[in-house]
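Below is one structure; the comments refer to it alone.
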Amino acid sequence: MKIGIIGTRGIPNYYGGFEQFAEYLAKGLVQRGHDTTVYNSHLHPYQKSEWNGVKLVHCQDPEDKWGTVGQFVYDLNCILDSRSRSFDIILQLGYTSSTIWGWLLPRKNCVITTNMDGLEWSRSKYSKPVQWFLRQAEYLATVFSDHWISDSIGIQDYLTKKYNIPSTYIPYGAHPFSSPDGNDLKAYDVEKYSYNMLVARFEPENNIDTILEGAAAAAVKTPFLVVGKHATKYGEYLKNKFKSHSHIRFVGGVYDIKVLNNLRYYSNLYFHGHSVGGTNPSLLEAMASQALICANQNLFNSAILEKDAFYFSTVKDVSTTIDEIKKEDHIHLVQNNFGKIQQIYEWDNIIDQYENHFKTIYSTRK
């Protein structure tokens, strides 16, 4: 099949979850013999026309000049280009700035399937007018797609109840990590199992503030690594707020997956604060990296972690966990989550599910 993937800033990943997902999925589809194209922003650091057999189309992206409006223009440019590529399948990742152009997606002999992502309109960073728009964008994704994918059971249930659409449940994936190398810790001046950490985009709904309040209040002052691109307004706010707490270290984004895996593997506690969306890729990667996880208490996280993690809702929950929990005493939780990755969420399994989905919807196209 000839497959096009739109809705990301491009691959290889230099940004976030959808980009990492597109990277693994596209590479896996190529390995299975499919002609696969991913759309990249012309601003993407990787400027070649191919990556590991995946074709790359670089489209004009004025986000650096126009801000958020530029995202809409970029998505429009990707969709317009897709009309001339004769794709059998177009996988649309998300709907935030693309579904207003849904009526322009190619329809002749092409099937559109959309990964509906999380409940974007519920993100606290958005104003009421923006939240209203995102609700409309979500609705348009149900109108202009032929099929839909949910990355969590919670999202699948929501789509059934809200729109009465039969989405296919396919979670994200992760690669099991079992070959740690402590040398990668040297650059961060930490010792094995003697630091805590989080990995997140700097957005309020990821509960970074609550986690760091807990880290600041805890009696145990072991290093706390904050991994993520912090050159944002919210990032600056957090850095200023916690600047007097020297054990809280903002280390920026870490895009070398080997280094990131080692940091997670050797951490004492890994905090996952995401509260919006479905199966978050960074959560699965933490499980795959054999981290001991303390997650925000919500339906999406507990559906994946079940009883194999600690949970927090308040600053006190975080500080108590830091003060009382040692990874060495809870290895069974780590092993249980690692088993889930191997049995359910391993990338080969997820790519197989996407390939089967594509084959099914293409065979039943009108």
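Residue numbering restarts at 1 in every chain; chains get A, B, ... in the order shown in the structure tokens, and ligands count up from 1 in that same order.
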
(request) Give me every strand (DSSP E or B) residue in region 115-215 of chain A, going by DSSP on the backbone, as a list in words. (result) Asn115, His147, Trp148, Ile149, Ser150, Thr168, Tyr169, Ala174, Asn196, Met197, Leu198 and Val199 of chain A

(request) Might you pull out every residue within 9 Å of Phe310 (chain A), with only C-alpha atoms counted and same-chain residues fewer than 5 positions away left off, and present them as an NGL selection string? (result) :A and (292-297 or 321)

What does the file look like for those residues with all heavy atoms, as a PDB file, in the first residue's frame?
ATOM      1  N   LEU A 292      10.539   2.979  38.003  1.00  0.00           N
ATOM      2  CA  LEU A 292       9.492   2.883  39.018  1.00  0.00           C
ATOM      3  C   LEU A 292       8.673   4.163  38.910  1.00  0.00           C
ATOM      4  O   LEU A 292       9.207   5.262  39.090  1.00  0.00           O
ATOM      5  CB  LEU A 292      10.087   2.738  40.411  1.00  0.00           C
ATOM      6  CG  LEU A 292       9.070   2.671  41.556  1.00  0.00           C
ATOM      7  CD1 LEU A 292       8.162   1.451  41.417  1.00  0.00           C
ATOM      8  CD2 LEU A 292       9.783   2.655  42.909  1.00  0.00           C
ATOM      9  N   ILE A 293       7.380   4.020  38.647  1.00  0.00           N
ATOM     10  CA  ILE A 293       6.573   5.161  38.227  1.00  0.00           C
ATOM     11  C   ILE A 293       5.634   5.633  39.332  1.00  0.00           C
ATOM     12  O   ILE A 293       4.989   4.827  40.011  1.00  0.00           O
ATOM     13  CB  ILE A 293       5.758   4.791  36.973  1.00  0.00           C
ATOM     14  CG1 ILE A 293       6.706   4.449  35.817  1.00  0.00           C
ATOM     15  CG2 ILE A 293       4.807   5.915  36.575  1.00  0.00           C
ATOM     16  CD1 ILE A 293       6.033   3.792  34.634  1.00  0.00           C
ATOM     17  N   CYS A 294       5.564   6.953  39.462  1.00  0.00           N
ATOM     18  CA  CYS A 294       4.537   7.615  40.266  1.00  0.00           C
ATOM     19  C   CYS A 294       3.763   8.512  39.312  1.00  0.00           C
ATOM     20  O   CYS A 294       4.314   9.479  38.778  1.00  0.00           O
ATOM     21  CB  CYS A 294       5.151   8.426  41.402  1.00  0.00           C
ATOM     22  SG  CYS A 294       3.912   9.234  42.455  1.00  0.00           S
ATOM     23  N   ALA A 295       2.497   8.197  39.062  1.00  0.00           N
ATOM     24  CA  ALA A 295       1.722   8.861  38.016  1.00  0.00           C
ATOM     25  C   ALA A 295       0.568   9.662  38.590  1.00  0.00           C
ATOM     26  O   ALA A 295       0.046   9.356  39.672  1.00  0.00           O
ATOM     27  CB  ALA A 295       1.179   7.829  37.025  1.00  0.00           C
ATOM     28  N   ASN A 296       0.172  10.672  37.856  1.00  0.00           N
ATOM     29  CA  ASN A 296      -1.036  11.420  38.200  1.00  0.00           C
ATOM     30  C   ASN A 296      -2.236  10.480  38.191  1.00  0.00           C
ATOM     31  O   ASN A 296      -2.398   9.654  37.290  1.00  0.00           O
ATOM     32  CB  ASN A 296      -1.263  12.554  37.208  1.00  0.00           C
ATOM     33  CG  ASN A 296      -2.528  13.331  37.501  1.00  0.00           C
ATOM     34  OD1 ASN A 296      -3.522  13.207  36.801  1.00  0.00           O
ATOM     35  ND2 ASN A 296      -2.511  14.130  38.547  1.00  0.00           N
ATOM     36  N   GLN A 297      -3.074  10.601  39.210  1.00  0.00           N
ATOM     37  CA  GLN A 297      -4.225   9.713  39.341  1.00  0.00           C
ATOM     38  C   GLN A 297      -5.315  10.131  38.353  1.00  0.00           C
ATOM     39  O   GLN A 297      -6.008  11.128  38.547  1.00  0.00           O
ATOM     40  CB  GLN A 297      -4.765   9.764  40.769  1.00  0.00           C
ATOM     41  CG  GLN A 297      -5.969   8.857  41.011  1.00  0.00           C
ATOM     42  CD  GLN A 297      -5.608   7.386  41.012  1.00  0.00           C
ATOM     43  OE1 GLN A 297      -4.895   6.929  41.900  1.00  0.00           O
ATOM     44  NE2 GLN A 297      -6.100   6.647  40.037  1.00  0.00           N
ATOM     45  N   THR A 321       5.831  10.387  48.691  1.00  0.00           N
ATOM     46  CA  THR A 321       6.396   9.327  47.850  1.00  0.00           C
ATOM     47  C   THR A 321       7.912   9.464  47.758  1.00  0.00           C
ATOM     48  O   THR A 321       8.653   8.481  47.872  1.00  0.00           O
ATOM     49  CB  THR A 321       5.770   9.365  46.450  1.00  0.00           C
ATOM     50  OG1 THR A 321       4.351   9.234  46.551  1.00  0.00           O
ATOM     51  CG2 THR A 321       6.309   8.241  45.574  1.00  0.00           C
TER      52      THR A 321
END

Please identify every residue of region 315-359 of chain A that has at least one atom no farther than 9 Å from an atom of region 24-33 of chain A, counting only C-alpha atoms, and for each give the shortest atom pair and the distance in Å to one decimal, arranged by chain then increasing number, as a Markdown table.
| residue | atom | partner | partner_atom | distance |
| --- | --- | --- | --- | --- |
| A:Trp347 | CA | A:Tyr24 | CA | 7.6 |
| A:Asp348 | CA | A:Gly28 | CA | 7.6 |
| A:Ile350 | CA | A:Leu25 | CA | 8.3 |
| A:Ile351 | CA | A:Leu25 | CA | 6.0 |
| A:Asp352 | CA | A:Leu29 | CA | 8.7 |
| A:Tyr354 | CA | A:Leu25 | CA | 8.3 |
| A:Glu355 | CA | A:Leu29 | CA | 7.3 |

(request) May I ask which of the residues A:Asn183, A:Thr222, A:Asn301, A:Thr114 is the closest one to Tyr169 (chain A), counting only C-alpha atoms? (result)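 Between A:Asn183, A:Thr222, A:Asn301, A:Thr114, the residue approaching Tyr169 (chain A) most closely is A:Thr114.
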
(message) Just to confirm, what's the straight-line distance from CA of Cys110 (chain A) to CA of Tyr39 (chain A) in Å (one decimal)?
(response)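 Between CA of Cys110 (chain A) and CA of Tyr39 (chain A) the gap is 16.8 Å.
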
(request) Find the residues around Phe133 (chain A) up to 12 Å (only C-alpha atoms counted), leave out those fewer than 2 positions away in its own chain, and share them as a ChimeraX atom specification. (result) /A:95-97,99-100,120-122,126-131,135-140

(request) For region 331-337 of chain A, please output as a PyMOL selection string all residues within 9 Å (counting only C-alpha atoms; exclusion window: fewer than 3 positions along the same chain). (result) chain A and resi 284+287-288+290-293+304-305+307-309+327-328+340-342

For the residues selected in the previous step, produce a file with N, CA and C atoms as a CSV table (one decimal), in the first residue's frame.
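As a result, again-v6.csv now contains:
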chain,number,residue,atom,x,y,z
A,284,LEU,N,4.7,4.9,28.4
A,284,LEU,CA,5.1,3.5,27.9
A,284,LEU,C,6.6,3.4,27.8
A,287,MET,N,7.9,2.7,31.3
A,287,MET,CA,7.6,1.3,31.6
A,287,MET,C,8.7,0.4,30.9
A,288,ALA,N,8.9,0.7,29.7
A,288,ALA,CA,9.9,0.0,28.9
A,288,ALA,C,11.3,0.1,29.4
A,290,GLN,N,12.1,0.4,32.4
A,290,GLN,CA,12.1,-0.3,33.8
A,290,GLN,C,12.3,0.8,34.9
A,291,ALA,N,11.5,1.9,34.7
A,291,ALA,CA,11.4,2.9,35.8
A,291,ALA,C,10.4,2.5,36.8
A,292,LEU,N,10.5,3.0,38.0
A,292,LEU,CA,9.5,2.9,39.0
A,292,LEU,C,8.7,4.2,38.9
A,293,ILE,N,7.4,4.0,38.6
A,293,ILE,CA,6.6,5.2,38.2
A,293,ILE,C,5.6,5.6,39.3
A,304,ILE,N,-3.5,1.9,32.1
A,304,ILE,CA,-2.2,1.3,31.6
A,304,ILE,C,-1.4,0.7,32.8
A,305,LEU,N,-1.3,1.4,33.9
A,305,LEU,CA,-0.4,1.0,35.0
A,305,LEU,C,-1.1,0.1,35.9
A,307,LYS,N,-2.3,-1.6,39.1
A,307,LYS,CA,-1.8,-1.5,40.4
A,307,LYS,C,-0.3,-1.5,40.5
A,308,ASP,N,0.4,-1.3,39.3
A,308,ASP,CA,1.8,-1.4,39.3
A,308,ASP,C,2.5,-0.1,39.3
A,309,ALA,N,2.0,0.9,40.0
A,309,ALA,CA,2.6,2.2,40.2
A,309,ALA,C,2.1,2.9,41.4
A,327,LYS,N,13.3,2.5,45.0
A,327,LYS,CA,13.0,1.6,43.9
A,327,LYS,C,13.3,0.1,44.2
A,328,GLU,N,14.4,-0.1,45.0
A,328,GLU,CA,14.9,-1.5,45.3
A,328,GLU,C,13.8,-2.3,46.0
A,340,LYS,N,4.2,-5.9,30.6
A,340,LYS,CA,3.1,-5.4,29.8
A,340,LYS,C,3.7,-4.9,28.4
A,341,ILE,N,4.8,-4.2,28.5
A,341,ILE,CA,5.4,-3.7,27.2
A,341,ILE,C,5.7,-4.9,26.3
A,342,GLN,N,6.4,-5.9,26.8
A,342,GLN,CA,6.7,-7.1,26.0
A,342,GLN,C,5.5,-7.8,25.5

(request) Calculate how many Å separate CA of Gly67 (chain A) from CA of Lys239 (chain A), rounding to one decimal. (result)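 CA of Gly67 (chain A) sits 23.4 Å away from CA of Lys239 (chain A).
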